>>> print(open('model.txt').read())   # compact mmCIF, C-alpha atoms and all ligand atoms
# COMPACT_ATOMS: atom_id res chain seq x y z
CA MET U 1 61.23 46.43 98.44
CA VAL U 2 58.36 48.47 99.78
CA LYS U 3 59.42 52.05 100.37
CA ALA U 4 58.70 53.66 103.70
CA LEU U 5 56.82 56.42 101.90
CA ASN U 6 54.35 53.96 100.41
CA MET U 7 53.73 52.38 103.79
CA ALA U 8 52.39 55.71 105.00
CA ILE U 9 49.62 55.82 102.38
CA LYS U 10 46.32 55.33 104.20
CA LEU U 11 43.73 53.26 102.33
CA LYS U 12 40.09 54.20 102.82
CA THR U 13 37.11 51.89 103.25
CA ARG U 14 33.95 52.26 101.20
CA ALA U 15 32.20 53.85 104.21
CA GLU U 16 35.06 56.35 104.54
CA LEU U 17 34.82 57.18 100.83
CA ASP U 18 31.13 57.97 101.36
CA LYS U 19 32.11 60.44 104.10
CA MET U 20 34.74 62.01 101.86
CA ARG U 21 32.12 62.32 99.13
CA SER U 22 29.97 64.36 101.53
CA ALA U 23 32.87 66.76 102.06
CA GLY U 24 33.41 66.73 98.29
CA ARG U 25 29.80 67.76 97.69
CA VAL U 26 30.32 70.88 99.79
CA VAL U 27 33.40 71.82 97.77
CA HIS U 28 31.50 71.19 94.54
CA LYS U 29 28.65 73.41 95.73
CA VAL U 30 31.09 76.24 96.46
CA LEU U 31 32.76 75.94 93.06
CA THR U 32 29.50 75.75 91.08
CA SER U 33 28.00 78.71 92.98
CA LEU U 34 31.10 80.83 92.44
CA THR U 35 31.18 79.83 88.77
CA GLU U 36 27.74 81.44 88.43
CA MET U 37 28.79 84.47 90.45
CA ALA U 38 32.13 85.20 88.76
CA ARG U 39 31.62 87.87 86.11
CA PRO U 40 33.12 91.26 85.26
CA GLY U 41 32.71 93.69 88.16
CA VAL U 42 32.76 91.15 90.98
CA THR U 43 35.67 91.44 93.42
CA LEU U 44 37.83 88.58 94.60
CA ARG U 45 36.85 89.40 98.17
CA GLU U 46 33.16 89.00 97.30
CA LEU U 47 33.90 85.54 95.88
CA ASP U 48 35.95 84.60 98.94
CA GLU U 49 33.21 85.70 101.35
CA ALA U 50 30.52 83.91 99.34
CA GLY U 51 32.56 80.71 99.43
CA TYR U 52 32.87 80.99 103.21
CA ARG U 53 29.13 81.51 103.62
CA ILE U 54 28.29 78.49 101.44
CA TYR U 55 30.54 75.94 103.12
CA SER U 56 29.74 77.25 106.60
CA SER U 57 26.00 76.97 105.93
CA MET U 58 26.56 73.32 104.99
CA GLY U 59 28.30 72.63 108.31
CA ALA U 60 31.83 72.41 106.89
CA ARG U 61 35.04 74.07 108.02
CA GLY U 62 37.41 75.71 105.55
CA LEU U 63 40.86 74.12 105.40
CA PHE U 64 42.76 77.07 103.99
CA LYS U 65 42.06 79.91 106.46
CA ASN U 66 44.99 80.14 108.89
CA TYR U 67 46.79 77.26 107.17
CA PRO U 68 50.20 77.52 108.82
CA THR U 69 53.25 78.97 107.18
CA TYR U 70 56.83 78.97 108.39
CA LYS U 71 56.23 82.29 110.12
CA PRO U 72 54.55 81.52 113.46
CA GLY U 73 51.11 83.08 113.84
CA GLU U 74 50.81 83.99 110.17
CA GLY U 75 48.58 81.47 108.48
CA PHE U 76 46.83 81.82 105.13
CA PRO U 77 44.63 84.92 105.45
CA ALA U 78 41.66 84.04 103.20
CA ASN U 79 38.96 81.35 102.89
CA LEU U 80 39.69 80.19 99.34
CA CYS U 81 42.71 80.41 97.08
CA LEU U 82 41.79 82.83 94.27
CA SER U 83 44.50 82.96 91.63
CA LEU U 84 44.06 85.57 88.88
CA ASN U 85 45.77 85.33 85.46
CA ASP U 86 49.53 85.05 86.15
CA THR U 87 48.97 83.77 89.69
CA VAL U 88 49.43 80.01 89.58
CA VAL U 89 48.14 79.04 93.03
CA HIS U 90 47.57 80.35 96.58
CA GLY U 91 46.35 83.82 95.54
CA ILE U 92 44.82 85.90 98.36
CA ALA U 93 41.45 87.58 97.80
CA ASP U 94 41.45 91.37 97.84
CA GLY U 95 39.43 94.18 96.27
CA THR U 96 40.61 93.37 92.74
CA VAL U 97 37.70 93.47 90.29
CA LEU U 98 37.24 90.72 87.70
CA ARG U 99 37.44 91.97 84.13
CA GLU U 100 36.45 90.54 80.77
CA GLY U 101 39.27 88.33 79.50
CA ASP U 102 40.59 87.34 82.94
CA ILE U 103 41.01 83.79 84.10
CA ILE U 104 40.67 82.97 87.77
CA GLY U 105 41.60 79.80 89.60
CA ILE U 106 39.25 79.01 92.48
CA ASP U 107 40.56 76.40 94.91
CA CYS U 108 38.41 75.25 97.84
CA GLY U 109 39.19 72.73 100.58
CA VAL U 110 36.85 71.84 103.44
CA GLU U 111 36.51 69.37 106.27
CA LEU U 112 33.11 67.85 107.07
CA ASP U 113 32.61 65.34 109.89
CA GLY U 114 36.34 64.71 110.08
CA TRP U 115 36.96 64.11 106.36
CA CYS U 116 38.40 66.42 103.71
CA GLY U 117 37.59 67.43 100.15
CA ASP U 118 39.74 69.59 97.87
CA SER U 119 38.96 70.78 94.33
CA ALA U 120 39.80 73.66 92.00
CA VAL U 121 38.67 75.09 88.69
CA THR U 122 39.93 77.88 86.46
CA LEU U 123 37.13 80.08 85.16
CA MET U 124 37.24 82.17 82.01
CA ILE U 125 35.61 85.56 82.55
CA GLY U 126 33.71 86.50 79.42
CA ARG U 127 35.71 86.22 76.21
CA VAL U 128 39.35 85.26 76.67
CA THR U 129 42.03 84.99 73.99
CA PRO U 130 42.13 81.70 72.04
CA GLU U 131 45.50 80.73 73.56
CA VAL U 132 44.25 81.32 77.10
CA ARG U 133 41.12 79.28 76.36
CA LYS U 134 43.32 76.48 75.04
CA LEU U 135 45.50 76.66 78.17
CA CYS U 136 42.43 76.15 80.35
CA GLU U 137 41.05 73.33 78.20
CA VAL U 138 44.37 71.49 78.04
CA THR U 139 44.93 71.76 81.80
CA ARG U 140 41.41 70.50 82.49
CA HIS U 141 41.99 67.63 80.09
CA MET U 142 45.21 66.71 81.93
CA LEU U 143 43.05 66.05 84.97
CA GLU U 144 40.57 64.05 82.88
CA LEU U 145 43.42 61.98 81.42
CA ALA U 146 44.58 61.10 84.92
CA ILE U 147 41.06 60.14 85.99
CA GLN U 148 40.51 57.99 82.90
CA ASN U 149 43.75 56.06 83.45
CA ILE U 150 43.40 55.33 87.16
CA ARG U 151 43.02 51.69 88.10
CA PRO U 152 44.62 49.44 90.71
CA GLY U 153 48.08 48.25 89.72
CA VAL U 154 49.01 51.25 87.57
CA ARG U 155 52.11 53.14 88.69
CA TRP U 156 51.62 56.86 89.19
CA SER U 157 54.63 57.73 86.99
CA ARG U 158 52.73 56.35 83.99
CA ILE U 159 49.87 58.77 84.61
CA ALA U 160 52.18 61.70 85.38
CA ARG U 161 53.94 61.05 82.06
CA LEU U 162 50.62 61.06 80.19
CA MET U 163 49.64 64.38 81.77
CA GLN U 164 52.99 66.05 81.13
CA SER U 165 53.25 64.80 77.54
CA TYR U 166 49.76 66.03 76.72
CA ALA U 167 50.51 69.52 78.08
CA GLU U 168 53.85 69.77 76.32
CA GLN U 169 52.49 68.47 73.00
CA ASN U 170 50.06 71.38 73.18
CA GLY U 171 52.90 73.86 73.73
CA PHE U 172 52.37 74.51 77.44
CA SER U 173 54.61 73.83 80.42
CA VAL U 174 53.79 71.95 83.61
CA VAL U 175 54.53 73.66 86.92
CA GLN U 176 57.07 71.56 88.81
CA ASP U 177 57.24 73.37 92.15
CA PHE U 178 53.87 72.08 93.39
CA VAL U 179 52.24 68.65 93.33
CA GLY U 180 48.99 66.96 94.26
CA HIS U 181 48.67 64.93 97.43
CA GLY U 182 47.00 62.13 99.27
CA ILE U 183 43.94 63.30 101.21
CA GLY U 184 41.66 61.87 103.89
CA ARG U 185 41.27 62.89 107.50
CA LYS U 186 43.94 65.47 106.72
CA MET U 187 44.12 67.66 103.64
CA HIS U 188 47.73 66.70 102.95
CA GLU U 189 48.60 63.03 103.34
CA GLU U 190 51.07 60.74 101.61
CA PRO U 191 51.84 60.30 98.78
CA GLN U 192 52.98 63.29 96.76
CA VAL U 193 51.15 63.23 93.42
CA PRO U 194 53.15 65.12 90.78
CA ASN U 195 51.86 66.09 87.33
CA PHE U 196 55.25 65.50 85.69
CA VAL U 197 58.00 62.90 85.72
CA SER U 198 61.18 63.65 87.65
CA ALA U 199 63.99 61.71 89.27
CA ALA U 200 62.24 62.30 92.60
CA LEU U 201 59.02 60.74 91.31
CA LEU U 202 60.83 57.73 89.90
CA ARG U 203 62.52 57.24 93.30
CA ASN U 204 59.19 57.58 95.14
CA ASP U 205 56.93 56.03 92.51
CA PHE U 206 53.92 54.17 93.83
CA GLU U 207 51.36 51.71 92.57
CA LEU U 208 47.69 52.64 92.72
CA LYS U 209 45.74 50.53 95.18
CA GLU U 210 42.07 50.26 95.89
CA GLY U 211 41.15 52.73 98.65
CA MET U 212 43.81 55.31 97.88
CA VAL U 213 42.47 58.86 97.66
CA MET U 214 44.41 61.63 95.97
CA ALA U 215 43.88 65.29 95.24
CA ILE U 216 45.11 65.43 91.65
CA GLU U 217 45.84 69.01 90.63
CA PRO U 218 47.60 69.84 87.36
CA MET U 219 49.02 73.37 87.06
CA CYS U 220 50.01 74.49 83.61
CA ASN U 221 51.60 77.69 82.28
CA LEU U 222 51.21 79.40 78.92
CA GLY U 223 54.90 80.33 78.94
CA SER U 224 57.80 79.04 81.01
CA HIS U 225 57.25 76.57 83.84
CA ALA U 226 59.19 78.87 86.19
CA VAL U 227 57.24 80.28 89.12
CA GLU U 228 58.10 82.56 92.04
CA LEU U 229 56.74 83.21 95.51
CA LEU U 230 55.77 86.80 96.28
CA ASP U 231 56.77 88.61 99.47
CA ASP U 232 53.38 87.87 101.07
CA GLY U 233 54.67 84.33 101.56
CA TRP U 234 51.76 82.75 99.65
CA THR U 235 51.03 84.10 96.18
CA VAL U 236 52.78 82.06 93.49
CA LYS U 237 53.12 83.78 90.10
CA THR U 238 54.70 82.79 86.81
CA VAL U 239 58.12 84.42 86.47
CA ASP U 240 57.27 85.58 82.93
CA ARG U 241 53.87 86.90 84.14
CA ARG U 242 52.01 84.93 81.48
CA PRO U 243 48.80 83.13 82.51
CA ALA U 244 48.53 79.85 84.39
CA ALA U 245 45.65 77.38 84.85
CA HIS U 246 44.89 74.93 87.66
CA TYR U 247 42.24 72.22 88.03
CA GLU U 248 41.81 69.72 90.86
CA HIS U 249 39.58 66.87 91.95
CA THR U 250 39.66 64.57 94.95
CA VAL U 251 39.73 61.09 93.41
CA ALA U 252 39.53 57.60 94.94
CA VAL U 253 40.98 54.45 93.39
CA THR U 254 38.41 51.63 93.24
CA ALA U 255 38.43 48.19 91.63
CA GLN U 256 36.38 49.70 88.78
CA GLY U 257 38.75 52.68 88.27
CA ALA U 258 38.57 56.27 89.45
CA LEU U 259 35.77 57.54 91.65
CA VAL U 260 35.67 61.35 91.63
CA LEU U 261 34.54 62.57 95.06
CA THR U 262 34.23 66.29 94.21
CA ASP U 263 32.03 66.17 91.09
CA GLY U 264 28.77 66.80 92.96
CA ASN U 265 27.41 63.26 92.68
MG MG F 301 43.08 72.55 96.34
MG MG F 302 45.09 70.20 96.84
>>> encode(input="model.txt", output="structure tokens")
Amino acid sequence: MVKALNMAIKLKTRAELDKMRSAGRVVHKVLTSLTEMARPGVTLRELDEAGYRIYSSMGARGLFKNYPTYKPGEGFPANLCLSLNDTVVHGIADGTVLREGDIIGIDCGVELDGWCGDSAVTLMIGRVTPEVRKLCEVTRHMLELAIQNIRPGVRWSRIARLMQSYAEQNGFSVVQDFVGHGIGRKMHEEPQVPNFVSAALLRNDFELKEGMVMAIEPMCNLGSHAVELLDDGWTVKTVDRRPAAHYEHTVAVTAQGALVLTDGN
């Protein structure tokens, strides 16, 4: 039986994928520019403002600023999500200065000509400890594993299991409170795209089909998988305050396999 959830997944045409790639190029430009800019002494606010200038100059609109929360009138207050060290996701830029040994997640989502792109990287600032470097490399490889295994007919649970197993074999834990998502005309579309296997995923499992587009975004912690939301209503930190890494690409399913829309091509 086809689940109602799966029926809501919107498949994109080749022409629509081209439009999403244009949005993806803007996101890629922001992330590569900020990668060059991020060094000890730079503040998170400077990175956030630079990101805004770059995507605005390319004619795109940021998807995160004013993103609604449950409190009316209080949307997300920054342009990018900048998540330092023990912040997993949704960190808010402030005057904090980057220091040698930090890691910072930079997540950028934009809309261009009615289509969305969403991508994130975790940057290592100068020399980081070997275990933090490994955390970043393993989390990035989780995303690569997903991309390599995408093809029509594969069920998502198979890929989620590959990602989770790889992280856990390396001694890290996968964040289970947040998942990736379908993306298209809206930033968040069906389906939910988890990086781990759960009863909920097995109930809502879906088969990859040509034309599906997903923002795949593994989040991995050095310590426990447990995370908590701070009082600002956005910032998500690890409960044990050990570091976390996050990588994301917007990826289409094609007959030939995965087509990454946010890699700058
Ligand atoms: Mg994102
Ligand atoms: Mg996303």
>>> residues_near_ligand(input="model.txt", ligand="ligand MG 301 (chain F)", cutoff="7 Å", atoms="all atoms listed in the file", output="NGL selection string")
:U and (107-109 or 118-120 or 248)
>>> write_last_selection(input="model.txt", atoms="C-alpha atoms", output="PDB file, in the frame of the given file")
ATOM      1  CA  ASP U 107      40.560  76.400  94.910  1.00  0.00           C
ATOM      2  CA  CYS U 108      38.410  75.250  97.840  1.00  0.00           C
ATOM      3  CA  GLY U 109      39.190  72.730 100.580  1.00  0.00           C
ATOM      4  CA  ASP U 118      39.740  69.590  97.870  1.00  0.00           C
ATOM      5  CA  SER U 119      38.960  70.780  94.330  1.00  0.00           C
ATOM      6  CA  ALA U 120      39.800  73.660  92.000  1.00  0.00           C
ATOM      7  CA  GLU U 248      41.810  69.720  90.860  1.00  0.00           C
TER       8      GLU U 248
END
>>> residues_around(input="model.txt", residues="Ile216 (chain U)", least_positions_apart="6", cutoff="9 Å", atoms="all atoms listed in the file", output="ChimeraX atom specification")
/U:119,143,146-147,179-182,193-195,247-251
>>> write_last_selection(input="model.txt", atoms="C-alpha atoms", output="CSV table (one decimal), in the frame of the given file")
chain,number,residue,atom,x,y,z
U,119,SER,CA,39.0,70.8,94.3
U,143,LEU,CA,43.0,66.0,85.0
U,146,ALA,CA,44.6,61.1,84.9
U,147,ILE,CA,41.1,60.1,86.0
U,179,VAL,CA,52.2,68.6,93.3
U,180,GLY,CA,49.0,67.0,94.3
U,181,HIS,CA,48.7,64.9,97.4
U,182,GLY,CA,47.0,62.1,99.3
U,193,VAL,CA,51.2,63.2,93.4
U,194,PRO,CA,53.2,65.1,90.8
U,195,ASN,CA,51.9,66.1,87.3
U,247,TYR,CA,42.2,72.2,88.0
U,248,GLU,CA,41.8,69.7,90.9
U,249,HIS,CA,39.6,66.9,92.0
U,250,THR,CA,39.7,64.6,95.0
U,251,VAL,CA,39.7,61.1,93.4
>>> atom_distance(input="model.txt", atom1="CA of Gly101 (chain U)", atom2="CA of Arg25 (chain U)")
29.0 Å
>>> atom_distance(input="model.txt", atom1="CA of Leu123 (chain U)", atom2="CA of Ala160 (chain U)")
23.8 Å
>>> residues_around(input="model.txt", residues="Cys81 (chain U)", least_positions_apart="5", cutoff="7 Å", atoms="only C-alpha atoms", output="NGL selection string")
:U and (89-92 or 106-108)
>>> write_last_selection(input="model.txt", atoms="C-alpha atoms", output="short mmCIF file (atom, residue, chain, number, x, y, z; two decimals), in the frame of the given file")
data_model
loop_
_atom_site.label_atom_id
_atom_site.label_comp_id
_atom_site.auth_asym_id
_atom_site.auth_seq_id
_atom_site.Cartn_x
_atom_site.Cartn_y
_atom_site.Cartn_z
CA VAL U 89 48.14 79.04 93.03
CA HIS U 90 47.57 80.35 96.58
CA GLY U 91 46.35 83.82 95.54
CA ILE U 92 44.82 85.90 98.36
CA ILE U 106 39.25 79.01 92.48
CA ASP U 107 40.56 76.40 94.91
CA CYS U 108 38.41 75.25 97.84
#
>>> closest_residue(input="model.txt", among="U:Gly257, U:Pro243, U:Gly24, U:Gly117", to="ligand MG 302 (chain F)", atoms="all atoms listed in the file")
U:Gly117
>>> residues_near_point(input="model.txt", point="(48.4, 48.8, 92.2)", cutoff="7 Å", atoms="all atoms listed in the file", output="PDB file with C-alpha atoms, in the coordinates of the input")
ATOM      1  CA  PRO U 152      44.620  49.440  90.710  1.00  0.00           C
ATOM      2  CA  GLY U 153      48.080  48.250  89.720  1.00  0.00           C
ATOM      3  CA  VAL U 154      49.010  51.250  87.570  1.00  0.00           C
ATOM      4  CA  ARG U 155      52.110  53.140  88.690  1.00  0.00           C
ATOM      5  CA  GLU U 207      51.360  51.710  92.570  1.00  0.00           C
ATOM      6  CA  LEU U 208      47.690  52.640  92.720  1.00  0.00           C
ATOM      7  CA  LYS U 209      45.740  50.530  95.180  1.00  0.00           C
TER       8      LYS U 209
END
>>> atom_distance(input="model.txt", atom1="CA of Thr13 (chain U)", atom2="CA of Arg140 (chain U)")
28.2 Å
>>> closest_residue(input="model.txt", among="U:Glu137, U:Glu190, U:Asp240, U:Glu217", to="Ala167 (chain U)", atoms="all atoms listed in the file")
U:Glu137
>>> decode(input="model.txt", residues="region 179-207 of chain U", atoms="N, CA and C atoms", output="CSV table (one decimal), in the first residue's frame")
chain,number,residue,atom,x,y,z
U,179,VAL,N,16.4,15.9,11.3
U,179,VAL,CA,16.5,15.0,10.1
U,179,VAL,C,16.6,15.9,8.9
U,180,GLY,N,17.0,15.3,7.8
U,180,GLY,CA,17.0,16.0,6.5
U,180,GLY,C,15.6,16.1,6.0
U,181,HIS,N,15.4,16.6,4.8
U,181,HIS,CA,14.1,16.9,4.3
U,181,HIS,C,14.0,17.0,2.8
U,182,GLY,N,12.8,16.7,2.3
U,182,GLY,CA,12.6,17.0,0.9
U,182,GLY,C,12.7,18.5,0.7
U,183,ILE,N,13.0,19.0,-0.5
U,183,ILE,CA,13.2,20.4,-0.8
U,183,ILE,C,12.8,20.7,-2.3
U,184,GLY,N,12.3,21.9,-2.5
U,184,GLY,CA,11.9,22.2,-3.9
U,184,GLY,C,11.5,23.7,-3.9
U,185,ARG,N,10.2,23.9,-4.2
U,185,ARG,CA,9.7,25.3,-4.1
U,185,ARG,C,9.8,25.8,-2.7
U,186,LYS,N,9.6,24.9,-1.7
U,186,LYS,CA,9.8,25.2,-0.3
U,186,LYS,C,11.0,24.5,0.2
U,187,MET,N,11.6,25.2,1.3
U,187,MET,CA,12.8,24.6,1.9
U,187,MET,C,12.5,23.2,2.5
U,188,HIS,N,11.3,23.1,3.2
U,188,HIS,CA,11.0,21.9,3.9
U,188,HIS,C,9.8,21.2,3.2
U,189,GLU,N,10.0,20.2,2.5
U,189,GLU,CA,8.9,19.4,1.9
U,189,GLU,C,9.0,18.0,2.4
U,190,GLU,N,8.0,17.2,2.0
U,190,GLU,CA,8.1,15.7,2.3
U,190,GLU,C,9.2,15.1,1.4
U,191,PRO,N,9.9,14.1,1.8
U,191,PRO,CA,9.7,13.3,3.1
U,191,PRO,C,10.7,13.8,4.1
U,192,GLN,N,10.6,13.3,5.3
U,192,GLN,CA,11.6,13.4,6.3
U,192,GLN,C,12.8,12.5,5.9
U,193,VAL,N,14.0,12.9,6.1
U,193,VAL,CA,15.2,12.2,5.6
U,193,VAL,C,16.1,12.0,6.8
U,194,PRO,N,15.9,11.0,7.6
U,194,PRO,CA,16.7,10.8,8.8
U,194,PRO,C,18.1,10.2,8.5
U,195,ASN,N,19.0,10.4,9.4
U,195,ASN,CA,20.4,9.9,9.2
U,195,ASN,C,20.6,8.6,10.1
U,196,PHE,N,19.5,8.0,10.5
U,196,PHE,CA,19.6,6.9,11.5
U,196,PHE,C,18.3,6.1,11.2
U,197,VAL,N,18.3,4.9,11.7
U,197,VAL,CA,17.2,4.0,11.6
U,197,VAL,C,16.4,4.0,12.9
U,198,SER,N,15.1,4.2,12.8
U,198,SER,CA,14.2,4.2,13.9
U,198,SER,C,12.9,3.5,13.5
U,199,ALA,N,12.1,3.2,14.5
U,199,ALA,CA,10.8,2.7,14.2
U,199,ALA,C,10.0,3.6,13.4
U,200,ALA,N,10.1,4.9,13.6
U,200,ALA,CA,9.4,5.9,12.8
U,200,ALA,C,9.8,5.9,11.4
U,201,LEU,N,11.1,5.7,11.1
U,201,LEU,CA,11.6,5.6,9.7
U,201,LEU,C,11.0,4.4,9.1
U,202,LEU,N,11.1,3.3,9.8
U,202,LEU,CA,10.6,2.0,9.1
U,202,LEU,C,9.1,2.1,8.8
U,203,ARG,N,8.4,2.8,9.7
U,203,ARG,CA,7.0,3.0,9.4
U,203,ARG,C,6.8,3.9,8.1
U,204,ASN,N,7.6,4.9,8.0
U,204,ASN,CA,7.5,5.9,6.9
U,204,ASN,C,8.6,5.8,5.9
U,205,ASP,N,9.1,4.6,5.7
U,205,ASP,CA,10.2,4.4,4.8
U,205,ASP,C,9.7,4.7,3.4
U,206,PHE,N,10.6,5.1,2.5
U,206,PHE,CA,10.2,5.4,1.1
U,206,PHE,C,11.3,5.0,0.2
U,207,GLU,N,10.8,4.7,-1.1
U,207,GLU,CA,11.7,4.3,-2.1
U,207,GLU,C,12.1,5.5,-2.9
